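S.K.: One structure coming up, written as structure tokens, with questions to follow.
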Amino acid sequence: MTASTINSEKLEGWNRPPVIEPDGEGELLEVAMGPHHPSTHGVFRMDVALDGERVIRLKPVFGYLHRNHEKIAEGASYLASMPYTDRLDYFCSLTNNWAYALAVEKLVGQEVPERAEYIRVILAELTRIQNHASAIGFLIQEMGASGTPLMYAFKEREKILDLFESLTGSRMMCNYMRFGGCRVDVSAAWLDAARKVVAGLPSFIDEFENLLSGNEILMARCQGIGILRPDLAVNAGVTGPMLRGSGVNYDIRKVDHYGIYDRFKFRVPLGDHWDVYDRYMVRVLEMRESITILNQALKEIPGGPIMDPKAKIRGFRPKPGEAYGRIEAPKGELGFYLISDGGPNPYRYRVRPPSLINLTVLEDMCLGSNVADVVLIFGSVDIVLGEVDR
Amino acid sequence: MLGEGILKGMAETARNFAGSFVSKERLTTVEYPEQRIAPVENARVFPFLVYDTENWEAGMRCVACQICEKECPPKCIYIEKSKDKKPDAVGKQQFYPTRFDIDISVCMSCQICVEVCPFEAIKMDTEFELATDDRFGGLLLDRRQLSKSNEYYHQIHPTEAANVDARLAAEKVKADAKATAATVASAVKGAERPAPPTGAGD
Amino acid sequence: MMTVEEIKAAILEAIPGAGVEIVTNPSPSGQHSLRLAPGHAVEVARFLRDDAALELDFLSNVTGVDWPDKEITEKVQVTRTVTKTVDGVDQQVEETVEEPRKRVEPGYLEAVYHLFSITRKHGPVVLRMRTANRSDQVELPSVTSIWRSAEFQEREIFDLYGIVFTGHPDLRRLLMWEGFKDHPMRRDYVDPDDYEYEPTPHDAVRARAAAHTAGIQSPAQEGTGAAQ
């Protein structure tokens, strides 16, 4: 292993990764899991040192998909960065757009009309559902289920992507939010189609749960592994379903009151056992809560403009200053930190990637468990390399 | 009973398997390329230049203002402006692009060029079967390959094209009204002097 | 949630002599920051995390920023003795003139921290730390021992900006490969000239591509053919 060993004395005792002593004698087997690997959610490498089946050392290595998005943004205007944000977490392009639009709106103090806020919530919750379904599907595929639950999830996801395509023009790279609202208005026909899709979602989740939640193989493999203590999760900056799977009640939709989430009644599922199975269940329950929010939003959406008429598209020059805006993306807290120097391009553009920061505790969770569990624990973190590497 | 969860799951898959023979809902595979899904109206793939009338060169709406070139995020558009002018749809003399290249291997289909064009000259096409074996030249579309007629635009985006036509017609009416008002005003002002030529119908 | 002034007062009360100053943020976001001197930074960080009123237990974001050297031209009053003829007699007279003088204000690298509290659900509290310059004095204390989430983010700043975080348990490059020299996110980074065919070159790229493709035309054909 080329990496230097972690100098753990520099961390406080309780948040140091555990030191595992190898059982047998002889050398440890050093394996590079990745970057070409069917289960690593992208080009991602883990240098593991094994004693038989047990993991003694684990070091994640990434940067294979580094496109220096932050430097491109320094050379491009604020609007031109919007399509690049689609490509950060490429499963959830609309929430990436919203996070960036929110940060810019905070920077200039821009108001967003009510109808645009409703549209943003509807699209974000649809994104959350299709992301969680895919994440669970990929987790089960890594367990060896050869794609059947994944294809069930993708069947529903296709319906949601069709909605995105008829509204924004593209299935995944939507480029839809603008600073001060949305790009095009939703038609009544689109809202009806959305209502039909949402009406079919509860039975899909029931089918999904029938297939998976009681499955003995899944329970045997997922319960009791990848335990993440809540105090370590908070200290390591973990957010999203991983944090709530460890029992910490922190959902940015409820804490920051961004957008109009205050108007919707929804619950926040929390995990009791802090393991992989809990994170899986938190995602399933969050899908159900998203359906609740969608039903309310689709019923209450008002008329009106979708864009502040005074908002500028071209020649947008915010005054000097800085702002940090964050949202509850499906993977965690996605934040954008912008420093403006008064010019048309941002001076500093920083993406706070939830996937990267959630990986801080990968080592802690995996040490001491089997190699097969490493794949599952890693799948339960739910990362996208586009976001980790930017 | 041990295995109950697995059996419940298998019943689910069996239901889907058997159901795929009887209900369209459960059979979701579309066997491309023999079967194709109808394209959605709003879909966007790569840009194209719209031209009115029959002649693609004379009827091109683009006036080489180069706004799309500046706003394009990956800078895939390359425009060279002409030295002379030619009349546009309302009769005004405008520049035109002598070269308008889009490198579609760079283009990321973000549609910002369409959003910022003030002349409704560039729109998004829906054709995606553009594979070629010429890695450099085959993916660099020049203005000849990019120009497609307004009828084609109506075919692929009927609602959008109708709106654009309505907008352009309204602008033309306004421009004509302004020109006639200008002629009348100057005719009233100087009775001996001949009226200046109107802009329309050059 | 306390304002920046209150937080500064609380810090100075707990750790007297800590270098804390307020940096105002002119934008409507109202997120003002506290600039910490590197000397007491780790103590201040521990206080912010453990204090009962603040409980900032969640470090959300660590950002690196590069502020390059600035050349400033300013007018300076210069007093000089010159020889002047007064009433036919050469005398030494003192003369004050204004001269433009150039000086270089040294740049620095900056690390910005965004803190929130999960227990108390408030935030953000923004901290900043600056290095002395951009070339040889680029150390800052690491806060990984206080908040573990800084582990990867400080590694990324080390990789992309070059700030060396002393006390970091495992400081090596994160996104770039081992053995890579230079720091890509700095403002004066010049990317290597590995030329790739660029059919639609713009601005700086065009200047560079011209050196490689001198005389080569774009293969686009000008069509004078019939309409479609």
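Here, A, B, ... name the chains of the structure tokens in the order displayed, residue numbers run from 1 inside each chain, and ligands are numbered from 1 in the same displayed order.
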Would you mind listing, for every residue of chain A within 9 Å of chain B, the two atoms forming the shortest contact and the distance between them in Å to one decimal, using only C-alpha atoms, sorted by chain and ascending residue number, as CSV?
M.R.:
residue,atom,partner,partner_atom,distance
A:Ala76,CA,B:Pro73,CA,6.8
A:Ser77,CA,B:Glu71,CA,8.0
A:Leu79,CA,B:Glu71,CA,8.2
A:Ala80,CA,B:Pro73,CA,4.8
A:Ser81,CA,B:Pro73,CA,7.2
A:Met82,CA,B:Cys110,CA,8.9
A:Pro83,CA,B:Cys110,CA,6.0
A:Tyr84,CA,B:Pro73,CA,8.3
A:Thr148,CA,B:Thr13,CA,8.5
A:Lys155,CA,B:Thr28,CA,7.3
A:Asp162,CA,B:Val40,CA,8.3
A:Glu165,CA,B:Ala43,CA,6.2
A:Ser166,CA,B:Asn42,CA,5.5
A:Leu167,CA,B:Asn42,CA,6.9
A:Thr168,CA,B:Asn42,CA,7.1
A:Gly169,CA,B:Ala43,CA,4.1
A:Ser170,CA,B:Ala43,CA,5.9
A:Arg171,CA,B:Ala43,CA,8.6
A:Met173,CA,B:Cys110,CA,7.7
A:Cys174,CA,B:Cys110,CA,7.8
A:Asn175,CA,B:Cys110,CA,6.4
A:Glu207,CA,B:Glu12,CA,7.1
A:Phe208,CA,B:Gly9,CA,8.8
A:Glu209,CA,B:Gly9,CA,8.7
A:Asn210,CA,B:Gly9,CA,5.8
A:Leu211,CA,B:Gly9,CA,3.9
A:Leu212,CA,B:Gly9,CA,6.6
A:Ser213,CA,B:Gly5,CA,7.8
A:Gly214,CA,B:Gly5,CA,4.6
A:Asn215,CA,B:Gly5,CA,4.2
A:Glu216,CA,B:Gly5,CA,5.9
A:Ile217,CA,B:Ile6,CA,7.7
A:Ile313,CA,B:Val116,CA,8.2
A:Arg314,CA,B:Val116,CA,7.7
S.K.: With 8 Å as the cut-off and only C-alpha atoms counted, what is the closest atom pair between each nearby residue of chain C and chain A? Distances in Å to one decimal, ordered by chain and number, as JSON lines.
M.R.:
{"residue": "C:Asn25", "atom": "CA", "partner": "A:Gly321", "partner_atom": "CA", "distance": 5.5}
{"residue": "C:Pro26", "atom": "CA", "partner": "A:Gly321", "partner_atom": "CA", "distance": 5.1}
{"residue": "C:Ser27", "atom": "CA", "partner": "A:Gly321", "partner_atom": "CA", "distance": 4.6}
{"residue": "C:Pro28", "atom": "CA", "partner": "A:Gly109", "partner_atom": "CA", "distance": 5.3}
{"residue": "C:Ser29", "atom": "CA", "partner": "A:Lys106", "partner_atom": "CA", "distance": 5.2}
{"residue": "C:Gln31", "atom": "CA", "partner": "A:Ala323", "partner_atom": "CA", "distance": 6.6}
{"residue": "C:Asp57", "atom": "CA", "partner": "A:Asn235", "partner_atom": "CA", "distance": 6.3}
{"residue": "C:Phe58", "atom": "CA", "partner": "A:Gly237", "partner_atom": "CA", "distance": 5.8}
{"residue": "C:Leu59", "atom": "CA", "partner": "A:Gly237", "partner_atom": "CA", "distance": 5.9}
{"residue": "C:Ser60", "atom": "CA", "partner": "A:Gly237", "partner_atom": "CA", "distance": 5.9}
{"residue": "C:Asn61", "atom": "CA", "partner": "A:Arg352", "partner_atom": "CA", "distance": 6.0}
{"residue": "C:Thr63", "atom": "CA", "partner": "A:Arg350", "partner_atom": "CA", "distance": 6.9}
{"residue": "C:Val65", "atom": "CA", "partner": "A:Arg348", "partner_atom": "CA", "distance": 6.8}
{"residue": "C:Ile118", "atom": "CA", "partner": "A:Tyr250", "partner_atom": "CA", "distance": 6.6}
{"residue": "C:Lys121", "atom": "CA", "partner": "A:Val255", "partner_atom": "CA", "distance": 6.3}
{"residue": "C:His122", "atom": "CA", "partner": "A:Val255", "partner_atom": "CA", "distance": 8.0}
{"residue": "C:Thr144", "atom": "CA", "partner": "A:Leu11", "partner_atom": "CA", "distance": 7.0}
{"residue": "C:Ser145", "atom": "CA", "partner": "A:Leu11", "partner_atom": "CA", "distance": 4.5}
{"residue": "C:Ile146", "atom": "CA", "partner": "A:Glu12", "partner_atom": "CA", "distance": 7.6}
{"residue": "C:Trp147", "atom": "CA", "partner": "A:Asn235", "partner_atom": "CA", "distance": 5.3}
{"residue": "C:Arg148", "atom": "CA", "partner": "A:Ala236", "partner_atom": "CA", "distance": 4.5}
{"residue": "C:Ser149", "atom": "CA", "partner": "A:Ala236", "partner_atom": "CA", "distance": 4.0}
{"residue": "C:Ala150", "atom": "CA", "partner": "A:Ala236", "partner_atom": "CA", "distance": 7.6}
{"residue": "C:Glu151", "atom": "CA", "partner": "A:Thr360", "partner_atom": "CA", "distance": 7.3}
{"residue": "C:Phe152", "atom": "CA", "partner": "A:Thr360", "partner_atom": "CA", "distance": 6.7}
{"residue": "C:Gln153", "atom": "CA", "partner": "A:Ile357", "partner_atom": "CA", "distance": 7.8}
{"residue": "C:Gly167", "atom": "CA", "partner": "A:Lys10", "partner_atom": "CA", "distance": 6.6}
{"residue": "C:His168", "atom": "CA", "partner": "A:Lys10", "partner_atom": "CA", "distance": 7.0}
{"residue": "C:Pro169", "atom": "CA", "partner": "A:Asn7", "partner_atom": "CA", "distance": 4.7}
{"residue": "C:Asp170", "atom": "CA", "partner": "A:Ile6", "partner_atom": "CA", "distance": 5.3}
{"residue": "C:Leu174", "atom": "CA", "partner": "A:Gly63", "partner_atom": "CA", "distance": 6.8}
{"residue": "C:Leu175", "atom": "CA", "partner": "A:Gly63", "partner_atom": "CA", "distance": 4.0}
{"residue": "C:Met176", "atom": "CA", "partner": "A:Gly63", "partner_atom": "CA", "distance": 6.1}
{"residue": "C:Trp177", "atom": "CA", "partner": "A:Gly63", "partner_atom": "CA", "distance": 7.6}
{"residue": "C:Met185", "atom": "CA", "partner": "A:Lys71", "partner_atom": "CA", "distance": 6.4}
S.K.: Of the residues C:Asp188, C:Glu55, C:Glu98, C:Glu5, which is the one nearest to Lys75 (chain C), using only C-alpha atoms?
M.R.: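 Selected residue with least distance to Lys75 (chain C): C:Glu98.
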S.K.: Quick one: DSSP alpha helix (DSSP H) residues in region 80-141 of chain B, as a short mmCIF file (atom, residue, chain, number, x, y, z; two decimals) with C-alpha atoms, in the first residue's frame?
M.R.:
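Saved the output as result.cif:
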data_model
loop_
_atom_site.label_atom_id
_atom_site.label_comp_id
_atom_site.auth_asym_id
_atom_site.auth_seq_id
_atom_site.Cartn_x
_atom_site.Cartn_y
_atom_site.Cartn_z
CA ILE B 112 -28.33 28.27 -23.13
CA CYS B 113 -27.64 29.37 -26.72
CA VAL B 114 -31.34 29.01 -27.49
CA GLU B 115 -32.30 30.87 -24.35
CA VAL B 116 -30.16 33.93 -25.07
#
S.K.: Ranking C:Arg208, C:Arg155, C:Lys8, C:Arg101 by minimum distance to His32 (chain C) and counting only C-alpha atoms, which one comes first?
M.R.: C:Lys8
S.K.: Determine which residues of chain B sit within 9 Å of chain C, taking into account only C-alpha atoms, and present them as a PyMOL selection string.
M.R.: chain B and resi 54-57+75-79+98-99+101-103+136-137+140-145+147-149
S.K.: Keeping only C-alpha atoms, write those residues as a PDB file, in the first residue's frame.
M.R.:
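Output (again_30.pdb):
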ATOM      1  CA  GLU B  54     -36.633  28.148 -49.478  1.00  0.00           C
ATOM      2  CA  ASN B  55     -33.066  29.398 -49.647  1.00  0.00           C
ATOM      3  CA  TRP B  56     -31.113  28.392 -46.560  1.00  0.00           C
ATOM      4  CA  GLU B  57     -28.444  30.992 -47.106  1.00  0.00           C
ATOM      5  CA  LYS B  75     -17.424  27.312 -25.969  1.00  0.00           C
ATOM      6  CA  CYS B  76     -18.373  24.933 -28.738  1.00  0.00           C
ATOM      7  CA  ILE B  77     -19.669  27.604 -31.137  1.00  0.00           C
ATOM      8  CA  TYR B  78     -17.361  29.428 -33.511  1.00  0.00           C
ATOM      9  CA  ILE B  79     -18.754  32.318 -35.545  1.00  0.00           C
ATOM     10  CA  THR B  98     -19.882  33.482 -42.951  1.00  0.00           C
ATOM     11  CA  ARG B  99     -18.857  30.686 -40.669  1.00  0.00           C
ATOM     12  CA  ASP B 101     -19.382  25.934 -36.566  1.00  0.00           C
ATOM     13  CA  ILE B 102     -20.656  23.866 -33.668  1.00  0.00           C
ATOM     14  CA  ASP B 103     -18.502  21.041 -32.403  1.00  0.00           C
ATOM     15  CA  PHE B 136     -12.865  15.256 -35.797  1.00  0.00           C
ATOM     16  CA  GLY B 137     -14.504  16.504 -38.950  1.00  0.00           C
ATOM     17  CA  LEU B 140     -17.916  19.503 -36.437  1.00  0.00           C
ATOM     18  CA  LEU B 141     -21.109  20.789 -38.033  1.00  0.00           C
ATOM     19  CA  ASP B 142     -20.825  23.832 -40.250  1.00  0.00           C
ATOM     20  CA  ARG B 143     -23.590  26.260 -41.064  1.00  0.00           C
ATOM     21  CA  ARG B 144     -24.733  24.251 -44.076  1.00  0.00           C
ATOM     22  CA  GLN B 145     -25.286  21.142 -41.989  1.00  0.00           C
ATOM     23  CA  SER B 147     -29.366  25.003 -41.255  1.00  0.00           C
ATOM     24  CA  LYS B 148     -32.793  23.424 -41.248  1.00  0.00           C
ATOM     25  CA  SER B 149     -36.024  24.940 -42.431  1.00  0.00           C
TER      26      SER B 149
END
S.K.: List the neighbours of Val284 (chain A) out to 12 Å using only C-alpha atoms; skip same-chain residues closer than 3 positions along the sequence, and give me the result as a ChimeraX atom specification.
M.R.: /A:128-137,153,201-202,204-210,212-213,241,245,268-271,277-281,287-291
S.K.: Write the residues you've just listed into a file as a short mmCIF file (atom, residue, chain, number, x, y, z; two decimals), in the first residue's frame, and include C-alpha atoms for each of them.
M.R.:
data_model
loop_
_atom_site.label_atom_id
_atom_site.label_comp_id
_atom_site.auth_asym_id
_atom_site.auth_seq_id
_atom_site.Cartn_x
_atom_site.Cartn_y
_atom_site.Cartn_z
CA ARG A 128 -35.28 12.28 -4.16
CA ILE A 129 -37.59 9.37 -4.90
CA GLN A 130 -35.78 8.29 -8.01
CA ASN A 131 -32.40 8.68 -6.33
CA HIS A 132 -33.32 6.60 -3.29
CA ALA A 133 -34.89 3.94 -5.47
CA SER A 134 -31.74 3.70 -7.58
CA ALA A 135 -29.51 3.72 -4.50
CA ILE A 136 -31.40 0.83 -2.97
CA GLY A 137 -31.42 -0.95 -6.29
CA ALA A 153 -36.54 0.82 -9.43
CA LEU A 201 -45.72 5.44 -6.53
CA PRO A 202 -47.16 4.03 -3.26
CA PHE A 204 -44.43 0.66 -6.38
CA ILE A 205 -42.90 1.16 -2.95
CA ASP A 206 -45.17 -1.53 -1.54
CA GLU A 207 -44.01 -3.89 -4.26
CA PHE A 208 -40.41 -2.94 -3.58
CA GLU A 209 -40.77 -3.56 0.13
CA ASN A 210 -42.53 -6.85 -0.48
CA LEU A 212 -36.86 -6.70 -0.20
CA SER A 213 -37.61 -5.62 3.33
CA PRO A 241 -29.81 9.46 5.14
CA GLY A 245 -29.76 6.19 9.85
CA VAL A 268 -38.19 12.49 9.29
CA PRO A 269 -37.37 8.79 9.65
CA LEU A 270 -34.52 7.90 12.02
CA GLY A 271 -32.60 4.68 12.52
CA TYR A 277 -30.21 -2.15 7.16
CA ASP A 278 -31.28 0.98 8.99
CA ARG A 279 -29.92 3.17 6.23
CA TYR A 280 -31.81 1.10 3.69
CA MET A 281 -35.04 1.47 5.70
CA MET A 287 -39.45 7.87 -0.31
CA ARG A 288 -42.84 7.53 1.37
CA GLU A 289 -42.48 10.92 3.03
CA SER A 290 -41.56 12.45 -0.32
CA ILE A 291 -44.82 11.12 -1.73
#
S.K.: Based on the backbone DSSP call, show me all residues of region 25-187 of chain B assigned strand (DSSP E or B), as number ranges by chain.
M.R.: B: 47-51, 60, 77-81, 86-87, 93-94, 97-103, 122-124, 140-141, 147-149
S.K.: Please produce an output containing C-alpha atoms for each residue in the selection, written as a PDB file, in the first residue's frame.
M.R.:
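Everything below was put into part.pdb:
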ATOM      1  CA  PRO B  47     -28.687  22.985 -31.808  1.00  0.00           C
ATOM      2  CA  PHE B  48     -29.620  23.843 -35.364  1.00  0.00           C
ATOM      3  CA  LEU B  49     -30.072  27.119 -37.245  1.00  0.00           C
ATOM      4  CA  VAL B  50     -33.543  28.004 -38.487  1.00  0.00           C
ATOM      5  CA  TYR B  51     -34.078  29.487 -41.922  1.00  0.00           C
ATOM      6  CA  MET B  60     -31.118  32.330 -42.296  1.00  0.00           C
ATOM      7  CA  ILE B  77     -19.669  27.604 -31.137  1.00  0.00           C
ATOM      8  CA  TYR B  78     -17.361  29.428 -33.511  1.00  0.00           C
ATOM      9  CA  ILE B  79     -18.754  32.318 -35.545  1.00  0.00           C
ATOM     10  CA  GLU B  80     -17.208  34.543 -38.154  1.00  0.00           C
ATOM     11  CA  LYS B  81     -19.167  37.640 -39.021  1.00  0.00           C
ATOM     12  CA  LYS B  86     -28.176  41.359 -46.276  1.00  0.00           C
ATOM     13  CA  PRO B  87     -31.846  42.029 -45.585  1.00  0.00           C
ATOM     14  CA  GLN B  93     -30.091  45.061 -43.338  1.00  0.00           C
ATOM     15  CA  GLN B  94     -28.227  42.698 -41.030  1.00  0.00           C
ATOM     16  CA  PRO B  97     -22.399  34.522 -40.321  1.00  0.00           C
ATOM     17  CA  THR B  98     -19.882  33.482 -42.951  1.00  0.00           C
ATOM     18  CA  ARG B  99     -18.857  30.686 -40.669  1.00  0.00           C
ATOM     19  CA  PHE B 100     -20.946  29.111 -37.927  1.00  0.00           C
ATOM     20  CA  ASP B 101     -19.382  25.934 -36.566  1.00  0.00           C
ATOM     21  CA  ILE B 102     -20.656  23.866 -33.668  1.00  0.00           C
ATOM     22  CA  ASP B 103     -18.502  21.041 -32.403  1.00  0.00           C
ATOM     23  CA  ILE B 122     -30.932  28.852 -33.113  1.00  0.00           C
ATOM     24  CA  LYS B 123     -33.151  26.092 -31.737  1.00  0.00           C
ATOM     25  CA  MET B 124     -32.673  22.593 -30.378  1.00  0.00           C
ATOM     26  CA  LEU B 140     -17.916  19.503 -36.437  1.00  0.00           C
ATOM     27  CA  LEU B 141     -21.109  20.789 -38.033  1.00  0.00           C
ATOM     28  CA  SER B 147     -29.366  25.003 -41.255  1.00  0.00           C
ATOM     29  CA  LYS B 148     -32.793  23.424 -41.248  1.00  0.00           C
ATOM     30  CA  SER B 149     -36.024  24.940 -42.431  1.00  0.00           C
TER      31      SER B 149
END
S.K.: List the spatial neighbours of Tyr161 (chain C) as an MDAnalysis selection string - criterion: any atom at most 7 Å away, only C-alpha atoms, same-chain residues fewer than 5 positions off excluded.
M.R.: chainID C and resid 64 183:186
S.K.: How many Å separate CA of Met172 (chain A) from CA of Asp125 (chain B)?
M.R.: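 Computing it gives 17.3 Å between the two atoms.
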